[in-house]
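Pasting coords_10.tsv here (TSV, C-alpha atoms):
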chain	number	residue	atom	x	y	z
A	1	MET	CA	104.04	108.70	91.60
A	2	THR	CA	100.59	108.91	90.07
A	3	TYR	CA	99.85	107.96	86.49
A	4	ASN	CA	96.62	108.08	84.47
A	5	VAL	CA	97.30	105.57	81.72
A	6	LEU	CA	94.08	106.46	79.81
A	7	TRP	CA	91.71	103.51	79.65
A	8	TYR	CA	91.69	103.32	75.83
A	9	ASN	CA	95.50	103.28	75.53
A	10	GLN	CA	96.64	99.87	74.29
A	11	ARG	CA	100.31	100.86	73.92
A	12	ILE	CA	101.87	98.78	76.69
A	13	GLU	CA	105.60	99.38	76.39
A	14	PRO	CA	105.61	103.16	77.05
A	15	GLY	CA	103.69	102.67	80.31
A	16	ILE	CA	105.88	99.79	81.50
A	17	GLU	CA	109.00	101.76	80.56
A	18	SER	CA	107.73	104.87	82.40
A	19	PHE	CA	107.08	102.85	85.55
A	20	ARG	CA	110.56	101.27	85.44
A	21	ASP	CA	112.33	104.55	84.62
A	22	SER	CA	110.52	106.50	87.35
A	23	ASP	CA	112.40	104.77	90.16
A	24	ALA	CA	109.32	105.52	92.30
A	25	ASP	CA	108.76	103.39	95.38
A	26	VAL	CA	104.96	103.49	95.02
A	27	ILE	CA	102.87	104.18	91.91
A	28	ALA	CA	99.11	104.86	91.94
A	29	ILE	CA	97.56	104.06	88.56
A	30	TYR	CA	94.27	105.39	87.17
A	31	GLU	CA	92.10	104.10	84.31
A	32	LEU	CA	93.97	100.79	84.34
A	33	ASN	CA	92.75	98.61	81.49
A	34	LEU	CA	92.93	94.82	81.31
A	35	THR	CA	95.83	94.74	78.84
A	36	LEU	CA	98.10	96.98	80.90
A	37	GLY	CA	97.06	95.25	84.12
A	38	ASP	CA	98.30	91.92	82.71
A	39	ALA	CA	101.51	93.55	81.45
A	40	ILE	CA	102.24	95.06	84.88
A	41	ARG	CA	101.76	91.67	86.55
A	42	ASN	CA	104.00	89.94	83.99
A	43	SER	CA	106.68	92.62	83.50
A	44	LEU	CA	107.08	94.53	86.75
A	45	SER	CA	106.87	91.99	89.56
A	46	ASP	CA	110.67	92.01	89.84
A	47	VAL	CA	110.71	95.77	90.54
A	48	TYR	CA	107.26	96.13	92.14
A	49	PRO	CA	106.55	92.83	93.92
A	50	TYR	CA	103.57	94.26	95.82
A	51	GLN	CA	100.65	94.92	93.51
A	52	ILE	CA	97.01	95.65	94.23
A	53	LEU	CA	95.52	95.84	90.74
A	54	ASP	CA	91.89	96.16	89.69
A	55	PRO	CA	92.06	96.53	85.89
A	56	GLN	CA	88.73	97.07	84.15
A	57	GLN	CA	87.28	98.09	80.83
A	58	GLY	CA	86.59	101.81	80.68
A	59	VAL	CA	87.74	104.46	83.14
A	60	LYS	CA	87.08	102.53	86.36
A	61	GLY	CA	90.29	100.46	86.57
A	62	ALA	CA	92.88	101.29	89.21
A	63	GLY	CA	95.91	99.90	90.94
A	64	VAL	CA	98.85	100.55	93.20
A	65	ILE	CA	102.26	98.95	92.78
A	66	SER	CA	104.98	99.14	95.38
A	67	ARG	CA	108.49	98.10	96.34
A	68	PHE	CA	107.25	97.83	99.95
A	69	PRO	CA	104.64	95.47	101.43
A	70	LEU	CA	101.13	96.58	100.56
A	71	GLU	CA	97.71	95.16	101.43
A	72	PRO	CA	94.06	96.26	101.49
A	73	THR	CA	92.79	97.65	104.81
A	74	GLY	CA	89.32	96.18	104.31
A	75	GLU	CA	87.77	99.65	104.59
A	76	LYS	CA	85.43	101.19	102.00
A	77	LEU	CA	84.65	104.79	101.09
A	78	SER	CA	81.01	105.69	100.70
A	79	GLY	CA	79.55	107.29	97.61
A	80	GLU	CA	80.02	106.95	93.89
A	81	TRP	CA	83.46	107.18	92.29
A	82	MET	CA	85.18	106.46	89.00
A	83	GLY	CA	85.99	102.91	90.06
A	84	GLU	CA	86.24	101.56	93.58
A	85	PRO	CA	88.55	103.63	95.82
A	86	GLN	CA	91.44	101.63	97.22
A	87	LEU	CA	92.29	101.91	100.90
A	88	LEU	CA	95.65	100.23	101.40
A	89	LYS	CA	98.19	99.70	104.15
A	90	LEU	CA	101.84	100.22	103.20
A	91	ASP	CA	104.62	98.93	105.45
A	92	LEU	CA	107.53	101.33	104.99
A	93	ASN	CA	110.32	99.70	106.98
A	94	GLY	CA	108.05	99.16	109.98
A	95	THR	CA	106.03	102.37	109.66
A	96	GLN	CA	102.40	101.76	108.70
A	97	ILE	CA	101.14	104.25	106.11
A	98	THR	CA	97.58	104.29	104.79
A	99	ILE	CA	97.06	105.04	101.10
A	100	LEU	CA	93.67	106.38	100.04
A	101	HIS	CA	93.71	105.97	96.24
A	102	ALA	CA	90.61	107.38	94.57
A	103	HIS	CA	89.52	108.80	91.23
A	104	PRO	CA	86.86	111.53	91.54
A	105	PHE	CA	84.46	112.20	88.70
A	106	ALA	CA	85.71	114.12	85.69
A	107	SER	CA	84.07	117.42	84.95
A	108	LYS	CA	84.12	117.36	81.19
A	109	LEU	CA	82.09	119.59	78.95
A	110	SER	CA	78.42	118.73	79.17
A	111	SER	CA	75.07	120.41	79.58
A	112	PRO	CA	74.81	123.01	82.37
A	113	ALA	CA	72.41	120.77	84.32
A	114	ARG	CA	74.72	117.76	84.06
A	115	MET	CA	77.72	119.92	84.93
A	116	GLN	CA	76.01	121.03	88.15
A	117	GLU	CA	75.36	117.38	89.07
A	118	ILE	CA	79.02	116.54	88.50
A	119	ILE	CA	80.16	119.53	90.56
A	120	GLN	CA	77.92	118.48	93.45
A	121	ALA	CA	79.17	114.89	93.23
A	122	ARG	CA	82.81	116.05	93.24
A	123	GLU	CA	82.11	118.24	96.28
A	124	GLN	CA	80.65	115.21	98.07
A	125	GLN	CA	83.68	113.14	97.13
A	126	ALA	CA	85.97	115.86	98.54
A	127	LYS	CA	83.96	115.86	101.79
A	128	THR	CA	84.24	112.07	102.04
A	129	ILE	CA	88.01	112.25	101.61
A	130	ARG	CA	88.29	115.07	104.16
A	131	GLU	CA	86.19	113.15	106.69
A	132	TYR	CA	88.30	110.03	106.23
A	133	ALA	CA	91.53	112.02	106.64
A	134	GLN	CA	90.22	113.78	109.77
A	135	SER	CA	89.17	110.52	111.40
A	136	HIS	CA	92.33	108.66	110.45
A	137	SER	CA	95.29	108.49	112.79
A	138	GLY	CA	98.78	107.95	111.49
A	139	PRO	CA	100.47	108.76	108.20
A	140	LEU	CA	98.15	109.06	105.22
A	141	ILE	CA	98.98	109.46	101.53
A	142	VAL	CA	96.16	110.49	99.18
A	143	PRO	CA	97.27	110.20	95.54
A	144	MET	CA	94.54	111.22	93.11
A	145	ASP	CA	93.66	112.07	89.57
A	146	LEU	CA	91.60	115.19	90.23
A	147	ASN	CA	90.73	115.71	86.57
A	148	ALA	CA	91.74	119.34	86.93
A	149	THR	CA	93.01	120.08	83.44
A	150	PRO	CA	92.08	122.55	80.71
A	151	HIS	CA	89.55	119.89	79.62
A	152	SER	CA	87.84	120.02	83.02
A	153	THR	CA	85.52	122.99	83.10
A	154	ALA	CA	83.82	122.55	86.46
A	155	GLN	CA	82.63	125.93	87.59
A	156	SER	CA	80.06	126.54	90.23
A	157	LYS	CA	78.30	129.58	91.53
A	158	PRO	CA	79.90	131.18	94.59
A	159	ALA	CA	78.67	129.84	97.91
A	160	HIS	CA	75.98	131.85	99.64
A	161	THR	CA	77.38	134.27	102.17
Output the file's structure in the form of structure tokens.
Amino acid sequence: MTYNVLWYNQRIEPGIESFRDSDADVIAIYELNLTLGDAIRNSLSDVYPYQILDPQQGVKGAGVISRFPLEPTGEKLSGEWMGEPQLLKLDLNGTQITILHAHPFASKLSSPARMQEIIQAREQQAKTIREYAQSHSGPLIVPMDLNATPHSTAQSKPAHT
């Protein structure tokens, strides 16, 4: 399951309840704020004993919670992101699965020049993810908040032919 909790959201109980009710084995969380990060640690460790949480102020917080053993791989993705991408190793009953949990830039309404910068940055992020996936052996899960909503208006000119 993926869940963008919205960094400014201070309503803790609906998020905690959603996580519990989901019955998901693994949940990737975006825009994890400090308040919800503490609540997850204190309220969900019985259901999700494996937690890699990096709550922060603003949109850069992230985390993954799991019923199965989970640990950082020690790898890093290059480039700029909304928060630090998490590269994690999940042990699913003896099968090692890598989780690449990242939050690409949002393409919200802005000036045309700024929009073009954001589009180029998102394209670079997509290339970085593709390169990692192509060079990675074994199972790979890539949960993401792609910011592809009606509020995301990224449009670029067609590629040159």
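Between atom CA of Gly63 of chain A and atom CA of Thr2 of chain A the separation is 10.2 Å.
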Write out as a VMD selection string each polymer residue whose atoms come within 12 Å of Thr95 of chain A, counting all atoms listed in the file; drop sequence neighbours fewer than 3 positions from it. chain A and resid 68 to 70 89 to 92 98 138 to 140
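For the pair atom CA of Asn42 of chain A and atom CA of His103 of chain A, the interatomic distance is 24.9 Å.
Between Leu100 of chain A and the residues A:Leu44, A:Gly61, A:Ala28, A:Asn33, the shortest atom-to-atom distance, using all atoms listed in the file, involves A:Ala28.
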Please, what distance in Å, to one decimal, runs between atom CA of Trp7 of chain A and atom CA of Gly83 of chain A? 11.9 Å
Polymer residues at most 10 Å from Trp81 of chain A, only C-alpha atoms, same-chain spacing of 4 or more positions, as a PDB file with C-alpha atoms, in the frame of the given file:
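around.pdb, freshly written:
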ATOM      1  CA  LYS A  60      87.080 102.530  86.360  1.00  0.00           C
ATOM      2  CA  LEU A  77      84.650 104.790 101.090  1.00  0.00           C
ATOM      3  CA  PRO A  85      88.550 103.630  95.820  1.00  0.00           C
ATOM      4  CA  ALA A 102      90.610 107.380  94.570  1.00  0.00           C
ATOM      5  CA  HIS A 103      89.520 108.800  91.230  1.00  0.00           C
ATOM      6  CA  PRO A 104      86.860 111.530  91.540  1.00  0.00           C
ATOM      7  CA  PHE A 105      84.460 112.200  88.700  1.00  0.00           C
ATOM      8  CA  ALA A 106      85.710 114.120  85.690  1.00  0.00           C
ATOM      9  CA  ALA A 121      79.170 114.890  93.230  1.00  0.00           C
ATOM     10  CA  ARG A 122      82.810 116.050  93.240  1.00  0.00           C
ATOM     11  CA  GLN A 125      83.680 113.140  97.130  1.00  0.00           C
TER      12      GLN A 125
END
Identify, on the basis of only C-alpha atoms, every residue whose closest approach to Gln10 of chain A does not exceed 12 Å; exclude the query and any residue fewer than 3 positions from it along the same chain; express the result as a PyMOL selection string. chain A and resi 5-7+13-16+31-39+57
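The residue that comes closest to Leu88 of chain A, out of A:Met1, A:Ala133, A:Ile141, A:Ile40 and on the basis of all atoms listed in the file, is A:Ile141.
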Protein/DNA/RNA residues near (90.6, 98.3, 102.3), cut 7 Å, all atoms listed in the file, as a VMD selection string: chain A and resid 72 to 76 86 to 88
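The smallest atom-to-atom distance between Gln56 of chain A and any of A:Tyr8, A:Ile97, A:Asp25, A:Lys127, using only C-alpha atoms, is found for A:Tyr8.
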Selected segment 15-158 of chain A, written as a PDB file, in the first residue's frame, C-alpha atoms:
ATOM      1  CA  GLY A  15      -4.102   7.747   9.342  1.00  0.00           C
ATOM      2  CA  ILE A  16      -3.432   5.198  12.080  1.00  0.00           C
ATOM      3  CA  GLU A  17      -6.894   3.696  11.552  1.00  0.00           C
ATOM      4  CA  SER A  18      -6.349   3.510   7.766  1.00  0.00           C
ATOM      5  CA  PHE A  19      -3.052   1.689   8.236  1.00  0.00           C
ATOM      6  CA  ARG A  20      -4.605  -0.821  10.664  1.00  0.00           C
ATOM      7  CA  ASP A  21      -7.731  -1.365   8.542  1.00  0.00           C
ATOM      8  CA  SER A  22      -5.761  -1.841   5.319  1.00  0.00           C
ATOM      9  CA  ASP A  23      -4.410  -5.230   6.366  1.00  0.00           C
ATOM     10  CA  ALA A  24      -1.458  -4.452   4.059  1.00  0.00           C
ATOM     11  CA  ASP A  25       1.796  -6.289   4.687  1.00  0.00           C
ATOM     12  CA  VAL A  26       3.925  -3.297   3.656  1.00  0.00           C
ATOM     13  CA  ILE A  27       2.990   0.398   3.575  1.00  0.00           C
ATOM     14  CA  ALA A  28       5.084   3.121   1.902  1.00  0.00           C
ATOM     15  CA  ILE A  29       4.315   6.534   3.394  1.00  0.00           C
ATOM     16  CA  TYR A  30       4.927   9.936   1.788  1.00  0.00           C
ATOM     17  CA  GLU A  31       5.096  13.406   3.349  1.00  0.00           C
ATOM     18  CA  LEU A  32       5.434  11.866   6.810  1.00  0.00           C
ATOM     19  CA  ASN A  33       5.416  14.600   9.438  1.00  0.00           C
ATOM     20  CA  LEU A  34       6.918  14.395  12.914  1.00  0.00           C
ATOM     21  CA  THR A  35       3.571  14.009  14.696  1.00  0.00           C
ATOM     22  CA  LEU A  36       2.403  11.073  12.604  1.00  0.00           C
ATOM     23  CA  GLY A  37       5.858   9.502  12.688  1.00  0.00           C
ATOM     24  CA  ASP A  38       5.708   9.402  16.504  1.00  0.00           C
ATOM     25  CA  ALA A  39       2.146   8.048  16.411  1.00  0.00           C
ATOM     26  CA  ILE A  40       3.145   5.236  14.046  1.00  0.00           C
ATOM     27  CA  ARG A  41       6.036   4.251  16.321  1.00  0.00           C
ATOM     28  CA  ASN A  42       3.802   4.311  19.408  1.00  0.00           C
ATOM     29  CA  SER A  43       0.577   2.854  17.963  1.00  0.00           C
ATOM     30  CA  LEU A  44       1.485   0.425  15.202  1.00  0.00           C
ATOM     31  CA  SER A  45       4.538  -1.496  16.388  1.00  0.00           C
ATOM     32  CA  ASP A  46       2.293  -4.432  17.341  1.00  0.00           C
ATOM     33  CA  VAL A  47       0.994  -4.747  13.758  1.00  0.00           C
ATOM     34  CA  TYR A  48       4.023  -3.347  11.887  1.00  0.00           C
ATOM     35  CA  PRO A  49       7.081  -4.244  13.971  1.00  0.00           C
ATOM     36  CA  TYR A  50       9.510  -3.329  11.176  1.00  0.00           C
ATOM     37  CA  GLN A  51       9.615   0.403  10.601  1.00  0.00           C
ATOM     38  CA  ILE A  52      12.036   2.570   8.664  1.00  0.00           C
ATOM     39  CA  LEU A  53      10.714   6.066   9.340  1.00  0.00           C
ATOM     40  CA  ASP A  54      12.209   9.425   8.413  1.00  0.00           C
ATOM     41  CA  PRO A  55       9.556  11.949   9.501  1.00  0.00           C
ATOM     42  CA  GLN A  56      10.329  15.575   8.707  1.00  0.00           C
ATOM     43  CA  GLN A  57       8.704  18.968   8.595  1.00  0.00           C
ATOM     44  CA  GLY A  58       7.357  19.764   5.149  1.00  0.00           C
ATOM     45  CA  VAL A  59       6.963  17.372   2.220  1.00  0.00           C
ATOM     46  CA  LYS A  60      10.277  15.524   2.595  1.00  0.00           C
ATOM     47  CA  GLY A  61       9.314  12.962   5.265  1.00  0.00           C
ATOM     48  CA  ALA A  62       8.952   9.307   4.300  1.00  0.00           C
ATOM     49  CA  GLY A  63       8.745   5.856   5.765  1.00  0.00           C
ATOM     50  CA  VAL A  64       7.995   2.213   5.201  1.00  0.00           C
ATOM     51  CA  ILE A  65       6.305  -0.037   7.740  1.00  0.00           C
ATOM     52  CA  SER A  66       6.118  -3.794   7.393  1.00  0.00           C
ATOM     53  CA  ARG A  67       4.966  -7.038   8.961  1.00  0.00           C
ATOM     54  CA  PHE A  68       8.135  -8.650   7.552  1.00  0.00           C
ATOM     55  CA  PRO A  69      11.793  -7.914   8.382  1.00  0.00           C
ATOM     56  CA  LEU A  70      12.964  -4.725   6.715  1.00  0.00           C
ATOM     57  CA  GLU A  71      16.324  -2.940   6.696  1.00  0.00           C
ATOM     58  CA  PRO A  72      18.176  -0.295   4.673  1.00  0.00           C
ATOM     59  CA  THR A  73      20.418  -1.605   1.881  1.00  0.00           C
ATOM     60  CA  GLY A  74      22.975   1.167   2.384  1.00  0.00           C
ATOM     61  CA  GLU A  75      22.551   2.273  -1.236  1.00  0.00           C
ATOM     62  CA  LYS A  76      21.715   5.832  -2.330  1.00  0.00           C
ATOM     63  CA  LEU A  77      19.996   7.208  -5.418  1.00  0.00           C
ATOM     64  CA  SER A  78      21.653  10.147  -7.098  1.00  0.00           C
ATOM     65  CA  GLY A  79      19.918  13.416  -7.818  1.00  0.00           C
ATOM     66  CA  GLU A  80      17.443  15.633  -6.047  1.00  0.00           C
ATOM     67  CA  TRP A  81      14.162  14.270  -4.700  1.00  0.00           C
ATOM     68  CA  MET A  82      11.343  15.273  -2.387  1.00  0.00           C
ATOM     69  CA  GLY A  83      13.109  13.768   0.608  1.00  0.00           C
ATOM     70  CA  GLU A  84      15.761  11.083   0.614  1.00  0.00           C
ATOM     71  CA  PRO A  85      14.763   7.982  -1.384  1.00  0.00           C
ATOM     72  CA  GLN A  86      14.719   4.828   0.698  1.00  0.00           C
ATOM     73  CA  LEU A  87      16.353   1.678  -0.636  1.00  0.00           C
ATOM     74  CA  LEU A  88      15.304  -1.174   1.624  1.00  0.00           C
ATOM     75  CA  LYS A  89      15.657  -4.927   1.820  1.00  0.00           C
ATOM     76  CA  LEU A  90      12.512  -6.879   2.726  1.00  0.00           C
ATOM     77  CA  ASP A  91      12.747 -10.496   3.851  1.00  0.00           C
ATOM     78  CA  LEU A  92       9.521 -12.152   2.699  1.00  0.00           C
ATOM     79  CA  ASN A  93       9.735 -15.628   4.214  1.00  0.00           C
ATOM     80  CA  GLY A  94      13.303 -16.096   2.969  1.00  0.00           C
ATOM     81  CA  THR A  95      12.920 -14.246  -0.328  1.00  0.00           C
ATOM     82  CA  GLN A  96      14.899 -11.001  -0.469  1.00  0.00           C
ATOM     83  CA  ILE A  97      12.946  -8.175  -2.101  1.00  0.00           C
ATOM     84  CA  THR A  98      14.350  -4.695  -2.666  1.00  0.00           C
ATOM     85  CA  ILE A  99      12.031  -1.731  -2.146  1.00  0.00           C
ATOM     86  CA  LEU A 100      12.901   1.518  -3.909  1.00  0.00           C
ATOM     87  CA  HIS A 101      10.691   4.091  -2.165  1.00  0.00           C
ATOM     88  CA  ALA A 102      10.972   7.559  -3.686  1.00  0.00           C
ATOM     89  CA  HIS A 103       8.924  10.726  -4.049  1.00  0.00           C
ATOM     90  CA  PRO A 104       9.558  12.566  -7.338  1.00  0.00           C
ATOM     91  CA  PHE A 105       8.991  16.300  -7.585  1.00  0.00           C
ATOM     92  CA  ALA A 106       5.446  17.575  -7.855  1.00  0.00           C
ATOM     93  CA  SER A 107       4.524  19.447 -10.987  1.00  0.00           C
ATOM     94  CA  LYS A 108       2.161  22.006  -9.560  1.00  0.00           C
ATOM     95  CA  LEU A 109       1.040  25.135 -11.306  1.00  0.00           C
ATOM     96  CA  SER A 110       3.888  27.582 -11.657  1.00  0.00           C
ATOM     97  CA  SER A 111       5.506  29.803 -14.237  1.00  0.00           C
ATOM     98  CA  PRO A 112       6.239  28.194 -17.631  1.00  0.00           C
ATOM     99  CA  ALA A 113       9.995  28.460 -17.018  1.00  0.00           C
ATOM    100  CA  ARG A 114       9.734  26.818 -13.594  1.00  0.00           C
ATOM    101  CA  MET A 115       7.398  24.162 -14.984  1.00  0.00           C
ATOM    102  CA  GLN A 116       9.984  23.232 -17.620  1.00  0.00           C
ATOM    103  CA  GLU A 117      12.641  22.870 -14.895  1.00  0.00           C
ATOM    104  CA  ILE A 118      10.343  20.586 -12.911  1.00  0.00           C
ATOM    105  CA  ILE A 119       9.553  18.490 -15.983  1.00  0.00           C
ATOM    106  CA  GLN A 120      13.258  18.056 -16.729  1.00  0.00           C
ATOM    107  CA  ALA A 121      13.957  17.117 -13.100  1.00  0.00           C
ATOM    108  CA  ARG A 122      11.127  14.546 -13.114  1.00  0.00           C
ATOM    109  CA  GLU A 123      12.483  13.067 -16.360  1.00  0.00           C
ATOM    110  CA  GLN A 124      15.905  12.720 -14.723  1.00  0.00           C
ATOM    111  CA  GLN A 125      14.341  11.076 -11.682  1.00  0.00           C
ATOM    112  CA  ALA A 126      12.535   8.595 -13.967  1.00  0.00           C
ATOM    113  CA  LYS A 127      15.838   7.794 -15.709  1.00  0.00           C
ATOM    114  CA  THR A 128      17.542   7.228 -12.348  1.00  0.00           C
ATOM    115  CA  ILE A 129      14.796   4.816 -11.290  1.00  0.00           C
ATOM    116  CA  ARG A 130      14.941   3.002 -14.642  1.00  0.00           C
ATOM    117  CA  GLU A 131      18.729   2.657 -14.434  1.00  0.00           C
ATOM    118  CA  TYR A 132      18.521   1.291 -10.900  1.00  0.00           C
ATOM    119  CA  ALA A 133      15.824  -1.212 -11.912  1.00  0.00           C
ATOM    120  CA  GLN A 134      17.810  -2.341 -14.977  1.00  0.00           C
ATOM    121  CA  SER A 135      20.975  -2.879 -12.960  1.00  0.00           C
ATOM    122  CA  HIS A 136      19.228  -4.597 -10.074  1.00  0.00           C
ATOM    123  CA  SER A 137      18.898  -8.361  -9.936  1.00  0.00           C
ATOM    124  CA  GLY A 138      16.120 -10.001  -7.996  1.00  0.00           C
ATOM    125  CA  PRO A 139      12.625  -8.902  -7.055  1.00  0.00           C
ATOM    126  CA  LEU A 140      12.093  -5.149  -6.899  1.00  0.00           C
ATOM    127  CA  ILE A 141       9.074  -3.173  -5.688  1.00  0.00           C
ATOM    128  CA  VAL A 142       8.926   0.532  -6.553  1.00  0.00           C
ATOM    129  CA  PRO A 143       6.073   2.234  -4.665  1.00  0.00           C
ATOM    130  CA  MET A 144       5.817   5.936  -5.462  1.00  0.00           C
ATOM    131  CA  ASP A 145       3.775   9.065  -5.188  1.00  0.00           C
ATOM    132  CA  LEU A 146       4.073  10.247  -8.780  1.00  0.00           C
ATOM    133  CA  ASN A 147       2.094  13.432  -8.168  1.00  0.00           C
ATOM    134  CA  ALA A 148       0.024  12.652 -11.244  1.00  0.00           C
ATOM    135  CA  THR A 149      -3.299  14.190 -10.277  1.00  0.00           C
ATOM    136  CA  PRO A 150      -5.538  16.878 -11.750  1.00  0.00           C
ATOM    137  CA  HIS A 151      -3.407  19.317  -9.710  1.00  0.00           C
ATOM    138  CA  SER A 152      -0.255  18.201 -11.531  1.00  0.00           C
ATOM    139  CA  THR A 153      -0.089  19.969 -14.856  1.00  0.00           C
ATOM    140  CA  ALA A 154       3.293  18.856 -16.156  1.00  0.00           C
ATOM    141  CA  GLN A 155       3.213  19.098 -19.912  1.00  0.00           C
ATOM    142  CA  SER A 156       6.214  19.161 -22.126  1.00  0.00           C
ATOM    143  CA  LYS A 157       6.765  19.690 -25.801  1.00  0.00           C
ATOM    144  CA  PRO A 158       6.934  16.502 -27.865  1.00  0.00           C
TER     145      PRO A 158
END
